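Reviewing the structure listed below.
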Amino acid sequence: MLKERIEEYKRGGEKIEALKSLIWRLAEELGHIKIMNFCGTHEWTVVHYGIRSLMPDNVELIAGPGCPVCITPSYAIEKAIELSLEGVKVYTYGDAYRLPSLKPVKGVRSLFEAKASGGKVDVVYSFLDAVKEARNERGEKLFFGIGFETTAPSYALSFCKGIVPEDFYFLSVLRLTPPAADYALSKVGKVSGIIAPGHVSTITGAKPWREIARNHSMPVVISGFEPLDVLISIATILKMIKEGKSGLVIEYRRAVREDGNKLARTYIEKVFEVSDAAWRGIGIIPSSGLELTMKFSEYDAYKRFSIKKPEAKEWVSDLPKGCKCAEITLGLAKPVDCPYYLKSCTPDRPIGPCMVSSEGTCAIWARFGGGGLAEEIAKEVGVA
Amino acid sequence: MCWAIPGKVVEVKGFLAKVDFEGSVKEVILAVDGVKEGDIVMVHAGVAITKMSEEEWEEEQRFLRELLEGRS
Ligand code: SF4
């Protein structure tokens, strides 16, 4: 059965060894190769399975803007904290619960702290769960609507199907990945290839990534999340570089279709429109956000609570002083480059946003050790 | 955040479905067309975002074999 076969595939076995030697062979005559990933889960796989330690010296794997929690602008967090303290019930994903804002609101810097100070905050697993709970909750409610393309359909379908109760406002901090990828590539300089996000692509399909491959003349591979998937994607990128090819390959065929999920996109287009949007620490990226359309404006938290979005001309960084999350998100720095990393900034007492989410680069490195420890883990799973 | 896990569809009711994840059954929203009982779907934050199929799995395995054998 399909499921059992996938389970077996996950164990990788001797294929991992074969892929490792293929990667070494392919990289032999190439110069310095920089491969960027755009999904926190890929970075998780890379670190957790010690994939960096399997690479030849000239193949560098860098993390890009792949964590929706990390790039959620501070003004949105501050507003959610403020509303929760004023009696509006705020629903959030667990990932964003401890996300620190830049400015404290009445001495409070996260939804977690807001709850401890008497604010009304509830952590939910899904928007559907929040909708169910909100039906029995009196008064005004707010959903802290973070996410990339993968998460947008859950919101869009719920609004279209009319299951969202009145007085349940949606604070959209939804962001789109391909525009951010384009932006990151324009900042980072020479990137040789991209590992594109697998689950985002189940929705978007191949088209936006094919455009990026064309615009930047580089190989882009939409990858699955098992260590084997990531190694296949790296080998594919190296092979394409060696053959002088650019373009898009879907490695994660078991889940990603060429044209993505049209049905989900239709719902997203009915409920949301594309707008310029703020990415924490980075600034306003054109056409990189989703906001509710007029038709659904009765649910729009920005309208109900007169929330003002920052504009490009007045943008100032919303990261704590010294925190390097923006550089890390753009692949320009590594967590170890930050003086606070594992000193004053830890997963228990995070200073910046990328130490919070399970997909934040600093949090992943802190948990699994981006450097030496990775090799030990690799040994443990028998791949080093 | 963008993590999705596979589950087996046990019941379809309009745009909702019950999906079995290794024994725990959850109600999810269907964002994919033509899902029926027995299908394997990938679920993210309570929403089925894509369906997996035997043929595409085969194709993926072929891709891997060809890569390792230095063809394609
Ligand atoms: S270690 Fe902490 S302060 Fe430094 S970049 Fe990471 S999140 Fe920011």
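Residues are named by chain letter and number: chains run A, B, ... in the order of the structure tokens, numbers start at 1 in each chain, and ligands are numbered from 1 in the order shown.
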**Message:** Set the cut-off to 9 Å and count only C-alpha atoms: what are the residues of chain B that reach chain A? Output as a VMD selection string.
**Reply:** chain B and resid 1 to 4 6 to 7 15 28 to 33 40 to 42 44 to 60 63 to 64 67 to 68 70
Please, which residues of chain B, numbered as in this document, come out helix (DSSP H, G or I) from DSSP, as a short mmCIF file (atom, residue, chain, number, x, y, z; two decimals) with N, CA, C and O atoms, in the first residue's frame?
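Saved file states29.cif follows:
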```cif
data_model
loop_
_atom_site.label_atom_id
_atom_site.label_comp_id
_atom_site.auth_asym_id
_atom_site.auth_seq_id
_atom_site.Cartn_x
_atom_site.Cartn_y
_atom_site.Cartn_z
N GLU B 54 -0.92 6.64 -6.35
CA GLU B 54 0.02 5.55 -6.60
C GLU B 54 0.87 5.85 -7.84
O GLU B 54 2.08 5.69 -7.81
N GLU B 55 0.24 6.34 -8.92
CA GLU B 55 1.01 6.58 -10.16
C GLU B 55 2.09 7.62 -9.96
O GLU B 55 3.22 7.47 -10.42
N GLU B 56 1.73 8.72 -9.25
CA GLU B 56 2.72 9.77 -9.06
C GLU B 56 3.86 9.31 -8.16
O GLU B 56 4.99 9.73 -8.32
N TRP B 57 3.51 8.46 -7.23
CA TRP B 57 4.54 7.88 -6.36
C TRP B 57 5.52 7.05 -7.20
O TRP B 57 6.73 7.17 -7.06
N GLU B 58 4.95 6.24 -8.10
CA GLU B 58 5.78 5.43 -9.00
C GLU B 58 6.71 6.32 -9.82
O GLU B 58 7.89 6.04 -9.98
N GLU B 59 6.13 7.41 -10.35
CA GLU B 59 6.88 8.31 -11.20
C GLU B 59 8.06 8.93 -10.43
O GLU B 59 9.17 9.05 -10.95
N GLU B 60 7.79 9.25 -9.17
CA GLU B 60 8.83 9.84 -8.33
C GLU B 60 9.96 8.83 -8.10
O GLU B 60 11.14 9.18 -8.14
N GLN B 61 9.59 7.58 -7.88
CA GLN B 61 10.59 6.55 -7.66
C GLN B 61 11.42 6.32 -8.92
O GLN B 61 12.62 6.07 -8.86
N ARG B 62 10.75 6.41 -10.07
CA ARG B 62 11.47 6.26 -11.33
C ARG B 62 12.51 7.38 -11.49
O ARG B 62 13.64 7.15 -11.87
N PHE B 63 12.09 8.57 -11.13
CA PHE B 63 12.97 9.74 -11.19
C PHE B 63 14.23 9.50 -10.35
O PHE B 63 15.35 9.73 -10.78
N LEU B 64 14.05 8.95 -9.15
CA LEU B 64 15.17 8.67 -8.26
C LEU B 64 16.09 7.60 -8.86
O LEU B 64 17.31 7.75 -8.87
N ARG B 65 15.47 6.55 -9.40
CA ARG B 65 16.29 5.48 -9.99
C ARG B 65 17.14 6.02 -11.13
O ARG B 65 18.33 5.74 -11.24
N GLU B 66 16.50 6.84 -11.96
CA GLU B 66 17.22 7.38 -13.12
C GLU B 66 18.35 8.31 -12.69
O GLU B 66 19.42 8.30 -13.29
N LEU B 67 18.10 9.06 -11.65
CA LEU B 67 19.13 9.97 -11.14
C LEU B 67 20.33 9.16 -10.67
O LEU B 67 21.48 9.47 -10.98
N LEU B 68 20.05 8.10 -9.92
CA LEU B 68 21.14 7.29 -9.36
C LEU B 68 21.88 6.50 -10.44
O LEU B 68 23.06 6.24 -10.33
#
```
**Residue among B:Asp39, B:Glu69, B:Lys26, B:Phe21 lying closest to B:Ile5, counting only C-alpha atoms** = B:Phe21
Show me which residues line ligand 1, defined as having an atom within 8 Å of a ligand atom where only C-alpha atoms and all ligand atoms count, and present them as a short mmCIF file (atom, residue, chain, number, x, y, z; two decimals) with C-alpha atoms, in the first residue's frame.
```
data_model
loop_
_atom_site.label_atom_id
_atom_site.label_comp_id
_atom_site.auth_asym_id
_atom_site.auth_seq_id
_atom_site.Cartn_x
_atom_site.Cartn_y
_atom_site.Cartn_z
CA LEU A 319 13.50 43.72 15.03
CA PRO A 320 15.03 44.09 18.48
CA GLY A 322 21.18 43.64 17.32
CA CYS A 323 18.95 40.69 16.32
CA LYS A 324 20.04 39.35 12.95
CA CYS A 325 16.81 37.61 11.96
CA ALA A 326 16.45 39.67 8.79
CA ILE A 328 19.33 35.11 8.55
CA PRO A 335 22.53 32.05 13.71
CA VAL A 336 26.11 31.65 15.00
CA ASP A 337 26.87 35.10 13.54
CA CYS A 338 24.54 36.66 16.11
CA PRO A 339 26.20 37.62 19.42
CA TYR A 340 23.01 36.78 21.34
CA TYR A 341 22.65 33.28 19.89
CA LEU A 342 22.43 30.78 22.77
CA SER A 344 20.97 35.87 25.96
CA CYS A 345 18.68 34.50 23.22
CA THR A 346 17.44 30.93 23.76
CA PRO A 350 13.75 34.32 22.75
CA ILE A 351 14.83 37.82 21.79
CA GLY A 352 14.03 37.66 18.10
CA PRO A 353 11.30 35.92 16.11
CA CYS A 354 13.46 33.23 14.48
CA MET A 355 14.19 31.75 17.91
CA VAL A 356 10.46 31.13 18.48
CA THR A 361 16.37 29.05 11.73
CA CYS A 362 17.76 30.09 15.14
CA ALA A 363 15.34 27.77 16.97
#
```
**Message:** Rounded to one decimal, what separation in Å do you get between atom CA of A:Gly50 and atom CA of A:Ala27?
**Reply:** 18.4 Å
**8 Å contact set for A:Asp122, only C-alpha atoms, chain neighbours under 4 positions out, as an MDAnalysis selection string** = chainID A and resid 89:92
**Message:** What parts of stretch 14-64 of chain B does DSSP call strand (DSSP E or B)? I'd like the answer as a ChimeraX atom specification.
**Reply:** /B:16-21,24-30,40-44,47-52
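One distance worth recording is that between atom CA of A:Ala63 and atom CA of A:Met36, which is 5.6 Å.
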